[in-house]
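Here is data_20.tsv, consisting of TSV, C-alpha atoms:
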```
chain	number	residue	atom	x	y	z
A	1	MET	CA	111.56	-29.87	-0.41
A	2	LYS	CA	108.81	-29.35	2.15
A	3	HIS	CA	108.28	-31.65	5.10
A	4	ARG	CA	105.48	-33.98	3.99
A	5	ILE	CA	102.84	-34.85	6.58
A	6	VAL	CA	100.32	-37.49	5.53
A	7	VAL	CA	97.20	-38.11	7.64
A	8	LEU	CA	95.38	-41.38	7.05
A	9	GLY	CA	91.68	-41.09	7.81
A	10	ALA	CA	89.42	-38.06	8.15
A	11	GLY	CA	87.27	-39.09	11.08
A	12	TYR	CA	87.16	-37.22	14.39
A	13	ALA	CA	90.86	-37.86	15.11
A	14	GLY	CA	92.33	-37.44	11.63
A	15	SER	CA	90.37	-34.30	10.73
A	16	TYR	CA	91.26	-32.70	14.05
A	17	VAL	CA	94.98	-33.42	13.72
A	18	ALA	CA	95.17	-32.25	10.10
A	19	GLY	CA	93.30	-29.02	10.79
A	20	ASN	CA	95.33	-28.12	13.85
A	21	LEU	CA	98.63	-28.90	12.17
A	22	ALA	CA	97.57	-26.52	9.41
A	23	ARG	CA	96.84	-23.92	12.08
A	24	ARG	CA	100.19	-24.19	13.76
A	25	LEU	CA	102.78	-25.02	11.09
A	26	SER	CA	103.98	-22.72	8.35
A	27	PRO	CA	102.98	-23.78	4.81
A	28	ALA	CA	106.37	-22.49	3.68
A	29	ASP	CA	107.96	-25.58	5.27
A	30	THR	CA	105.22	-28.19	5.44
A	31	GLU	CA	102.78	-29.94	3.13
A	32	ILE	CA	99.77	-31.70	4.67
A	33	THR	CA	97.81	-34.37	2.80
A	34	VAL	CA	94.71	-36.16	4.13
A	35	VAL	CA	93.80	-39.53	2.64
A	36	ASN	CA	90.20	-40.69	3.07
A	37	ALA	CA	88.10	-43.22	1.20
A	38	GLU	CA	84.86	-41.19	1.34
A	39	PRO	CA	84.30	-37.57	0.26
A	40	ASP	CA	82.20	-36.74	3.33
A	41	PHE	CA	82.95	-36.33	7.01
A	42	VAL	CA	81.03	-39.06	8.81
A	43	GLU	CA	79.41	-38.13	12.13
A	44	ARG	CA	79.84	-41.59	13.53
A	45	LEU	CA	78.23	-40.58	16.82
A	46	ARG	CA	74.96	-40.00	14.96
A	47	LEU	CA	74.86	-42.99	12.63
A	48	HIS	CA	72.16	-44.65	14.75
A	49	GLN	CA	70.00	-41.61	13.98
A	50	LEU	CA	70.78	-41.85	10.27
A	51	ALA	CA	69.80	-45.52	10.30
A	52	THR	CA	66.37	-44.72	11.73
A	53	GLY	CA	65.52	-42.26	8.96
A	54	GLN	CA	66.61	-38.94	10.45
A	55	GLN	CA	68.29	-36.41	8.21
A	56	ILE	CA	71.97	-36.06	9.01
A	57	GLU	CA	73.69	-33.63	6.68
A	58	ALA	CA	76.98	-34.95	5.36
A	59	GLN	CA	79.70	-32.30	5.23
A	60	LYS	CA	81.99	-32.47	2.22
A	61	LEU	CA	85.63	-32.81	3.25
A	62	ALA	CA	86.58	-30.60	0.31
A	63	ASP	CA	84.53	-27.83	1.95
A	64	VAL	CA	85.89	-28.58	5.42
A	65	PHE	CA	89.50	-28.22	4.27
A	66	ALA	CA	88.90	-25.40	1.78
A	67	GLY	CA	91.29	-22.51	2.35
A	68	THR	CA	93.45	-24.42	4.83
A	69	GLY	CA	96.18	-25.50	2.41
A	70	ILE	CA	95.42	-29.14	3.25
A	71	ARG	CA	95.42	-31.47	0.24
A	72	LEU	CA	92.60	-34.01	0.17
A	73	ARG	CA	93.23	-37.35	-1.55
A	74	LEU	CA	90.10	-39.49	-2.00
A	75	ALA	CA	91.54	-42.98	-1.91
A	76	ARG	CA	91.50	-46.19	0.08
A	77	VAL	CA	94.68	-47.01	1.99
A	78	THR	CA	95.88	-50.49	1.06
A	79	ALA	CA	99.29	-50.66	2.75
A	80	VAL	CA	101.85	-48.74	4.76
A	81	ASP	CA	105.61	-49.27	4.37
A	82	PRO	CA	107.29	-47.49	7.32
A	83	GLN	CA	110.75	-48.52	6.13
A	84	ARG	CA	110.40	-46.73	2.80
A	85	GLN	CA	108.03	-44.16	4.35
A	86	VAL	CA	105.34	-44.60	1.71
A	87	VAL	CA	101.61	-45.32	1.75
A	88	ALA	CA	99.97	-47.39	-0.99
A	89	VAL	CA	96.47	-46.29	-2.01
A	90	ALA	CA	93.71	-47.31	-4.39
A	91	HIS	CA	91.98	-44.33	-5.97
A	92	ALA	CA	88.33	-43.96	-5.07
A	93	ASP	CA	87.28	-42.83	-8.57
A	94	ASP	CA	88.96	-45.27	-10.98
A	95	GLY	CA	90.37	-47.97	-8.70
A	96	GLY	CA	93.90	-47.25	-9.87
A	97	GLY	CA	96.80	-47.51	-7.47
A	98	GLY	CA	99.57	-45.21	-6.37
A	99	GLU	CA	101.97	-44.32	-3.57
A	100	LEU	CA	102.38	-41.32	-1.30
A	101	GLY	CA	105.68	-40.55	0.34
A	102	TYR	CA	105.83	-38.98	3.78
A	103	ASN	CA	108.24	-37.60	6.35
A	104	THR	CA	105.67	-37.78	9.16
A	105	LEU	CA	102.67	-40.11	9.10
A	106	VAL	CA	99.55	-39.81	11.23
A	107	TYR	CA	97.65	-43.11	11.28
A	108	ALA	CA	93.99	-42.46	12.14
A	109	LEU	CA	92.06	-45.08	10.16
A	110	GLY	CA	89.70	-45.72	13.08
A	111	SER	CA	87.71	-48.90	13.58
A	112	HIS	CA	84.88	-50.94	12.11
A	113	GLY	CA	82.32	-53.42	13.35
A	114	ASP	CA	83.72	-56.65	14.78
A	115	ASP	CA	81.81	-59.86	14.03
A	116	ARG	CA	83.89	-61.65	16.71
A	117	GLY	CA	84.01	-64.70	14.47
A	118	VAL	CA	80.32	-65.45	14.95
A	119	PRO	CA	78.98	-67.33	11.90
A	120	GLY	CA	76.51	-65.45	9.74
A	121	VAL	CA	77.16	-61.95	11.06
A	122	ALA	CA	78.92	-60.74	7.91
A	123	GLU	CA	76.27	-62.24	5.63
A	124	HIS	CA	73.05	-61.49	7.50
A	125	ALA	CA	73.54	-58.78	10.13
A	126	PHE	CA	73.63	-54.99	9.82
A	127	ASP	CA	75.96	-52.64	11.64
A	128	ILE	CA	76.20	-48.88	12.05
A	129	ALA	CA	79.97	-48.54	12.18
A	130	GLY	CA	79.99	-46.68	8.84
A	131	ARG	CA	77.68	-44.52	6.77
A	132	PRO	CA	77.09	-47.08	3.96
A	133	SER	CA	76.15	-49.82	6.44
A	134	ALA	CA	73.88	-47.43	8.36
A	135	LEU	CA	72.10	-46.54	5.12
A	136	ARG	CA	71.62	-50.23	4.31
A	137	LEU	CA	69.96	-50.72	7.69
A	138	ARG	CA	67.81	-47.66	7.01
A	139	GLU	CA	66.56	-49.23	3.77
A	140	ARG	CA	65.67	-52.47	5.57
A	141	LEU	CA	63.78	-50.62	8.32
A	142	ASP	CA	61.89	-48.64	5.68
A	143	ARG	CA	60.81	-51.86	3.97
A	144	LEU	CA	59.72	-53.40	7.26
A	145	GLY	CA	57.80	-50.27	8.16
A	146	ARG	CA	55.73	-50.49	4.99
A	147	ARG	CA	54.55	-54.01	5.81
A	148	ASP	CA	51.13	-54.43	7.44
A	149	LYS	CA	52.54	-56.62	10.18
A	150	GLY	CA	55.62	-54.45	10.77
A	151	GLY	CA	58.67	-56.44	11.78
A	152	ARG	CA	60.98	-57.47	14.58
A	153	VAL	CA	64.42	-55.95	15.03
A	154	LEU	CA	67.07	-57.64	17.19
A	155	VAL	CA	69.97	-55.49	18.42
A	156	VAL	CA	72.87	-57.66	19.58
A	157	GLY	CA	75.16	-55.99	22.08
A	158	ASP	CA	74.37	-53.77	25.06
A	159	GLY	CA	77.34	-51.43	24.91
A	160	LEU	CA	76.81	-47.74	24.22
A	161	THR	CA	76.21	-48.30	20.51
A	162	GLY	CA	73.71	-51.09	21.11
A	163	ILE	CA	71.73	-49.13	23.68
A	164	GLU	CA	71.62	-46.01	21.51
A	165	THR	CA	70.62	-48.01	18.45
A	166	ALA	CA	67.84	-49.96	20.17
A	167	THR	CA	66.29	-46.89	21.83
A	168	GLU	CA	66.54	-44.80	18.66
A	169	ILE	CA	64.82	-47.45	16.53
A	170	ALA	CA	62.12	-48.02	19.13
A	171	GLU	CA	61.36	-44.30	19.40
A	172	SER	CA	61.59	-43.43	15.70
A	173	ARG	CA	60.01	-46.58	14.25
A	174	SER	CA	57.13	-47.35	16.59
A	175	GLU	CA	55.62	-49.76	14.02
A	176	LEU	CA	58.53	-52.13	14.67
A	177	SER	CA	59.15	-54.31	17.72
A	178	VAL	CA	62.66	-54.07	19.15
A	179	ALA	CA	64.60	-56.50	21.33
A	180	LEU	CA	68.02	-55.81	22.88
A	181	ILE	CA	70.29	-58.79	23.57
A	182	ALA	CA	72.69	-58.25	26.48
A	183	ARG	CA	75.51	-60.68	27.22
A	184	ASP	CA	75.39	-59.77	30.91
A	185	GLU	CA	73.12	-57.56	33.01
A	186	LEU	CA	71.74	-54.58	31.10
A	187	GLY	CA	73.90	-51.52	31.78
A	188	ALA	CA	76.28	-53.49	33.99
A	189	ARG	CA	78.93	-50.75	33.83
A	190	LEU	CA	76.53	-48.03	34.95
A	191	SER	CA	75.70	-46.90	38.48
A	192	ALA	CA	72.64	-48.36	40.19
A	193	GLY	CA	70.62	-45.22	39.52
A	194	ALA	CA	71.62	-45.07	35.87
A	195	ARG	CA	70.73	-48.75	35.42
A	196	ARG	CA	67.25	-48.08	36.78
A	197	HIS	CA	66.91	-45.11	34.45
A	198	LEU	CA	67.96	-47.25	31.49
A	199	ARG	CA	65.46	-49.98	32.35
A	200	GLN	CA	62.68	-47.44	32.69
A	201	ALA	CA	63.57	-46.02	29.27
A	202	CYS	CA	63.46	-49.49	27.68
A	203	ASP	CA	60.08	-50.16	29.33
A	204	ARG	CA	58.74	-46.80	28.15
A	205	LEU	CA	59.85	-47.49	24.58
A	206	GLY	CA	58.57	-51.06	24.57
A	207	ILE	CA	62.00	-52.67	24.15
A	208	THR	CA	62.28	-56.32	25.12
A	209	VAL	CA	65.55	-56.87	27.00
A	210	LEU	CA	67.14	-60.32	26.93
A	211	GLU	CA	69.91	-60.45	29.54
A	212	HIS	CA	72.67	-63.03	30.05
A	213	THR	CA	72.20	-64.15	26.46
A	214	SER	CA	75.06	-65.13	24.17
A	215	VAL	CA	74.63	-65.32	20.38
A	216	GLU	CA	76.31	-68.20	18.59
A	217	ALA	CA	75.11	-67.66	15.01
A	218	VAL	CA	73.08	-65.29	12.86
A	219	GLU	CA	70.83	-66.51	10.07
A	220	ALA	CA	68.70	-64.64	7.56
A	221	THR	CA	65.53	-64.72	9.69
A	222	ARG	CA	66.70	-65.73	13.14
A	223	VAL	CA	69.43	-65.57	15.74
A	224	LEU	CA	70.70	-68.71	17.47
A	225	CYS	CA	71.64	-68.41	21.14
A	226	ALA	CA	74.06	-70.48	23.23
A	227	ASP	CA	71.23	-71.96	25.31
A	228	GLY	CA	69.58	-73.37	22.19
A	229	THR	CA	66.99	-70.63	21.84
A	230	ALA	CA	66.19	-69.44	18.30
A	231	LEU	CA	64.93	-65.84	18.10
A	232	THR	CA	63.08	-64.73	14.99
A	233	SER	CA	64.36	-61.54	13.41
A	234	ASP	CA	63.47	-59.45	10.37
A	235	ALA	CA	66.58	-57.31	10.87
A	236	THR	CA	69.53	-58.16	13.10
A	237	VAL	CA	71.76	-55.26	14.09
A	238	TRP	CA	75.23	-56.29	15.30
A	239	THR	CA	76.81	-53.88	17.80
A	240	ALA	CA	78.91	-56.33	19.82
A	241	GLY	CA	82.24	-54.56	19.47
A	242	PHE	CA	84.70	-52.85	17.15
A	243	ALA	CA	87.94	-53.90	15.47
A	244	VAL	CA	90.74	-51.89	13.85
A	245	ASN	CA	92.01	-52.09	10.30
A	246	PRO	CA	94.69	-54.82	9.87
A	247	ILE	CA	96.92	-52.55	7.77
A	248	ALA	CA	99.02	-51.43	10.74
A	249	ALA	CA	99.77	-55.00	11.80
A	250	ALA	CA	100.68	-55.98	8.24
A	251	SER	CA	103.04	-53.00	7.94
A	252	GLY	CA	105.47	-54.15	10.60
A	253	LEU	CA	104.51	-51.47	13.12
A	254	GLU	CA	104.47	-52.75	16.68
A	255	VAL	CA	100.82	-53.43	17.51
A	256	THR	CA	98.70	-55.10	20.17
A	257	GLU	CA	97.01	-58.44	19.67
A	258	ASN	CA	93.94	-56.67	18.26
A	259	GLY	CA	96.03	-54.57	15.83
A	260	GLN	CA	96.16	-51.19	17.60
A	261	ILE	CA	99.43	-49.29	17.19
A	262	ILE	CA	101.44	-49.19	20.43
A	263	VAL	CA	102.43	-45.59	21.10
A	264	ASP	CA	104.38	-43.70	23.75
A	265	ARG	CA	102.99	-40.86	25.85
A	266	THR	CA	103.16	-38.51	22.84
A	267	MET	CA	101.25	-40.86	20.48
A	268	ARG	CA	104.45	-41.72	18.64
A	269	SER	CA	104.89	-45.31	17.48
A	270	VAL	CA	107.28	-47.14	19.80
A	271	SER	CA	108.78	-48.98	16.83
A	272	HIS	CA	108.82	-46.31	14.09
A	273	PRO	CA	109.41	-42.71	15.21
A	274	THR	CA	108.10	-41.10	12.00
A	275	VAL	CA	104.65	-42.59	12.65
A	276	TYR	CA	102.02	-41.25	15.05
A	277	ALA	CA	98.63	-42.77	15.80
A	278	ALA	CA	95.41	-41.22	17.10
A	279	GLY	CA	91.86	-42.30	17.80
A	280	ASP	CA	90.76	-45.93	17.78
A	281	SER	CA	93.92	-46.97	15.91
A	282	ALA	CA	96.15	-46.06	18.88
A	283	TYR	CA	96.84	-48.18	21.94
A	284	ALA	CA	97.35	-45.29	24.34
A	285	ILE	CA	97.68	-45.53	28.10
A	286	GLY	CA	95.63	-42.92	29.93
A	287	ASP	CA	96.68	-40.96	32.98
A	288	ASN	CA	95.03	-43.61	35.16
A	289	GLY	CA	97.36	-46.29	33.80
A	290	ARG	CA	94.62	-47.98	31.78
A	291	PRO	CA	94.26	-48.15	27.97
A	292	LEU	CA	91.96	-45.47	26.61
A	293	PRO	CA	88.73	-46.96	25.21
A	294	MET	CA	87.74	-46.62	21.57
A	295	SER	CA	85.60	-43.47	21.64
A	296	CYS	CA	85.20	-39.96	20.30
A	297	ALA	CA	86.57	-38.60	23.59
A	298	SER	CA	89.73	-40.65	23.16
A	299	ALA	CA	90.01	-39.42	19.57
A	300	GLY	CA	90.05	-35.87	20.89
A	301	SER	CA	92.68	-36.36	23.58
A	302	THR	CA	94.99	-38.56	21.48
A	303	GLY	CA	94.57	-36.19	18.54
A	304	ARG	CA	95.56	-33.19	20.67
A	305	GLN	CA	98.59	-35.02	22.04
A	306	ALA	CA	99.73	-36.17	18.60
A	307	THR	CA	99.40	-32.61	17.26
A	308	ASP	CA	101.39	-31.13	20.14
A	309	ALA	CA	104.09	-33.78	19.69
A	310	ILE	CA	104.45	-33.30	15.95
A	311	VAL	CA	104.62	-29.52	16.27
A	312	GLY	CA	107.12	-29.81	19.11
A	313	HIS	CA	109.40	-32.23	17.27
A	314	LEU	CA	109.37	-30.22	14.05
A	315	THR	CA	109.82	-26.78	15.59
A	316	GLY	CA	112.23	-27.72	18.38
A	317	ARG	CA	109.85	-26.75	21.17
A	318	LYS	CA	109.03	-28.51	24.40
A	319	ILE	CA	106.19	-31.01	24.03
A	320	ALA	CA	103.40	-30.55	26.53
A	321	ASN	CA	101.55	-33.56	27.90
A	322	THR	CA	97.88	-33.38	26.99
A	323	LYS	CA	95.49	-34.75	29.60
A	324	LEU	CA	94.66	-38.34	28.70
A	325	ASP	CA	91.54	-39.32	30.59
A	326	TYR	CA	88.09	-40.73	29.99
A	327	PRO	CA	85.55	-38.72	32.01
A	328	GLY	CA	82.53	-40.94	31.41
A	329	ASN	CA	79.80	-42.18	29.09
A	330	HIS	CA	77.17	-40.14	27.28
A	331	ILE	CA	74.33	-42.40	26.17
A	332	SER	CA	71.41	-41.19	24.07
A	333	LEU	CA	68.05	-42.87	24.76
A	334	GLY	CA	66.17	-41.48	21.79
A	335	ARG	CA	65.87	-37.74	21.18
A	336	ARG	CA	64.44	-36.65	24.54
A	337	ASP	CA	66.29	-38.79	27.04
A	338	ALA	CA	69.90	-39.67	27.82
A	339	ILE	CA	72.31	-40.73	30.54
A	340	LEU	CA	75.57	-39.01	31.46
A	341	GLN	CA	77.58	-41.40	33.62
A	342	PRO	CA	80.87	-40.09	35.09
A	343	VAL	CA	83.60	-42.60	35.89
A	344	ASP	CA	86.44	-42.51	38.44
A	345	ASP	CA	90.18	-43.02	37.95
A	346	GLU	CA	89.64	-46.78	37.95
A	347	ALA	CA	87.13	-46.45	35.06
A	348	GLN	CA	84.31	-47.45	37.43
A	349	ALA	CA	80.95	-45.67	37.40
A	350	LYS	CA	80.54	-42.99	40.04
A	351	PRO	CA	77.39	-43.23	42.18
A	352	THR	CA	75.79	-40.14	40.63
A	353	TYR	CA	74.54	-39.62	37.09
A	354	VAL	CA	72.52	-37.14	35.02
A	355	GLY	CA	69.48	-38.40	33.16
A	356	GLY	CA	66.43	-37.24	31.22
A	357	ARG	CA	66.03	-34.15	29.07
A	358	LYS	CA	68.92	-32.32	30.73
A	359	ALA	CA	71.30	-35.12	29.78
A	360	ALA	CA	69.84	-35.19	26.26
A	361	HIS	CA	70.48	-31.46	25.85
A	362	ILE	CA	74.06	-31.88	27.08
A	363	LYS	CA	74.65	-34.75	24.65
A	364	THR	CA	73.26	-32.66	21.79
A	365	GLY	CA	75.59	-29.83	22.74
A	366	ILE	CA	78.59	-32.16	22.78
A	367	LEU	CA	77.74	-33.40	19.29
A	368	LYS	CA	77.36	-29.86	17.96
A	369	ILE	CA	80.66	-28.74	19.46
A	370	SER	CA	82.46	-31.77	18.01
A	371	LEU	CA	81.06	-31.13	14.54
A	372	TRP	CA	81.81	-27.41	14.71
A	373	GLY	CA	85.42	-28.09	15.64
A	374	ILE	CA	85.81	-30.43	12.66
A	375	SER	CA	84.02	-28.02	10.29
A	376	HIS	CA	86.28	-25.10	11.28
A	377	PRO	CA	89.73	-26.74	11.38
A	378	THR	CA	91.73	-23.52	11.19
A	379	PHE	CA	89.49	-21.19	13.21
A	380	GLY	CA	91.63	-18.47	14.71
A	381	LEU	CA	94.43	-19.17	12.25
A	382	PRO	CA	97.40	-16.97	13.21
A	383	LYS	CA	98.83	-14.70	10.54
A	384	ARG	CA	102.27	-16.15	11.17
A	385	ARG	CA	102.59	-19.88	11.80
A	386	ARG	CA	105.57	-21.73	13.24
A	387	ARG	CA	108.50	-22.53	10.97
A	388	LEU	CA	110.41	-25.77	11.27
A	389	ALA	CA	113.48	-25.79	13.52
A	390	THR	CA	115.57	-26.74	10.49
A	391	ALA	CA	114.10	-25.47	7.26
A	392	PRO	CA	113.74	-28.12	4.53
A	393	GLY	CA	116.85	-28.17	2.39
A	394	ALA	CA	118.80	-25.89	4.74
A	395	SER	CA	121.07	-26.33	7.76
A	396	THR	CA	120.25	-23.08	9.55
A	397	VAL	CA	117.82	-22.98	12.43
A	398	ILE	CA	114.72	-20.91	11.87
A	399	TRP	CA	112.46	-20.08	14.83
A	400	GLY	CA	108.90	-18.92	14.37
A	401	VAL	CA	106.58	-16.94	16.60
```
Output the file's structure in the form of structure tokens.
Amino acid sequence: MKHRIVVLGAGYAGSYVAGNLARRLSPADTEITVVNAEPDFVERLRLHQLATGQQIEAQKLADVFAGTGIRLRLARVTAVDPQRQVVAVAHADDGGGGELGYNTLVYALGSHGDDRGVPGVAEHAFDIAGRPSALRLRERLDRLGRRDKGGRVLVVGDGLTGIETATEIAESRSELSVALIARDELGARLSAGARRHLRQACDRLGITVLEHTSVEAVEATRVLCADGTALTSDATVWTAGFAVNPIAAASGLEVTENGQIIVDRTMRSVSHPTVYAAGDSAYAIGDNGRPLPMSCASAGSTGRQATDAIVGHLTGRKIANTKLDYPGNHISLGRRDAILQPVDDEAQAKPTYVGGRKAAHIKTGILKISLWGISHPTFGLPKRRRRLATAPGASTVIWGV
């Protein structure tokens, strides 16, 4: 019997790990299955563009994994049983259930929007944490744009997602008025120069910035603030944080308070050695001693480390330590402006930054490279891939090249 590797989630982390395992492990010994609820790869970093009406081509995962030997299972993960080493799924087509057994599990289910327990967010607010929700926001903006009086859009949250969403809507949908609600000072984590650049961009785009404002409730046509202010809104976009899927916590894996899987330096679960985690699902400590933030950059570094660890464990080779760092923030401010803000080892903004068209071009290049890497998972596939140290069903050691 082949060694069964099951990858949960086909986002930036899961797709990367699956593709690179297929590159490096021999199909004679291993069987790789990817489980994902949607048939398309979702460019999460561009969902704010999709929501504003821009055309973002969705790549079919069946095409992405074609010719790699990777099996794609379109299903929603409902539970993980690390004791029995099985995953329970609900089929995407007919809703039927089933189980998948594994020898090695890669948990990369990512994250979703977090309502933070604020009343009314789930019922009345939009988010752009997934493609379906981004398309729902797009429909609402289209309807508002067709009205004679336009409409008012409130974006709650001034993190990277909130800033990108507010500036993208303001630039792409000039018939709408946009307000950005910041809990603290706008761009508080940026350098002084980058904060000035951000403010100038908001002024240029006509965005109203409401700083030091906390939202206590969301209603159908307004947002209620902690100071008693009621802000009218035709569309409220909630970008005030992300949360992970509760499946890991329910499975008995050791997790943090927010449900992220606690892993060692190799992305291996500290409680269940047959389970690895990557991306937003993993609570990984970076080289600076701080937890890596939920981000595409963290998905890349944790995905590389998980891949190296799995290959090393299965083939009997030394496991190299992948660099686990977070170099900085790349913030789009519409299509022609952006901010690249490097951070130091303490995760604090460095004094210098790159802004304007140059930063926008760099951000565009990063997005293209990320998508290309996902779309070509086995580029440079060697003719001979590594065999397992102990072949399935045999006691002899087999070394590959």
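With all atoms listed in the file as the atoms that count, the residue of A:Val86, A:Ala299, A:Leu45, A:Ala217 with the shortest distance to Gly14 of chain A is A:Ala299.
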Could you work out how far atom CA of Leu198 of chain A lies from atom CA of Leu340 of chain A, giving the answer in Å with one decimal?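 It comes out at 11.2 Å.
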Show me, as a PyMOL selection string, the residues that have an atom within 10 Å of segment 66-76 of chain A when counting only C-alpha atoms, minus same-chain residues fewer than 4 positions from it. chain A and resi 5-10+18-23+27+30-40+60-62+88-98+100+376-379+381
Sphere at (104.8, -44.3, 24.1), radius 12 Å, counting all atoms listed in the file: residues as an MDAnalysis selection string: chainID A and resid 254:255 261:273 275:277 282:286 291 302 305:306 309 321
Store the residues picked out above in a file with C-alpha atoms, as a compact mmCIF listing (two decimals), in the coordinates of the input.
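Listed below is the output, part.txt:
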```
# COMPACT_ATOMS: atom_id res chain seq x y z
CA GLU A 254 104.47 -52.75 16.68
CA VAL A 255 100.82 -53.43 17.51
CA ILE A 261 99.43 -49.29 17.19
CA ILE A 262 101.44 -49.19 20.43
CA VAL A 263 102.43 -45.59 21.10
CA ASP A 264 104.38 -43.70 23.75
CA ARG A 265 102.99 -40.86 25.85
CA THR A 266 103.16 -38.51 22.84
CA MET A 267 101.25 -40.86 20.48
CA ARG A 268 104.45 -41.72 18.64
CA SER A 269 104.89 -45.31 17.48
CA VAL A 270 107.28 -47.14 19.80
CA SER A 271 108.78 -48.98 16.83
CA HIS A 272 108.82 -46.31 14.09
CA PRO A 273 109.41 -42.71 15.21
CA VAL A 275 104.65 -42.59 12.65
CA TYR A 276 102.02 -41.25 15.05
CA ALA A 277 98.63 -42.77 15.80
CA ALA A 282 96.15 -46.06 18.88
CA TYR A 283 96.84 -48.18 21.94
CA ALA A 284 97.35 -45.29 24.34
CA ILE A 285 97.68 -45.53 28.10
CA GLY A 286 95.63 -42.92 29.93
CA PRO A 291 94.26 -48.15 27.97
CA THR A 302 94.99 -38.56 21.48
CA GLN A 305 98.59 -35.02 22.04
CA ALA A 306 99.73 -36.17 18.60
CA ALA A 309 104.09 -33.78 19.69
CA ASN A 321 101.55 -33.56 27.90
```
A:Leu141, A:Met1, A:Val218, A:Leu25 ranked by distance to Asp308 of chain A, top pick (using all atoms listed in the file):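 For Asp308 of chain A, the nearest of the candidates is A:Leu25.
Of the residues under consideration (A:Ala28, A:Leu50, A:Ala125, A:Val343), A:Leu50 shows the shortest atom-to-atom contact distance to Ser172 of chain A when counting only C-alpha atoms.
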Spatial sel., origin (69.0, -45.3, 17.8), limit 6 Å, only C-alpha atoms, listed as a PyMOL selection string: chain A and resi 48-49+164-169
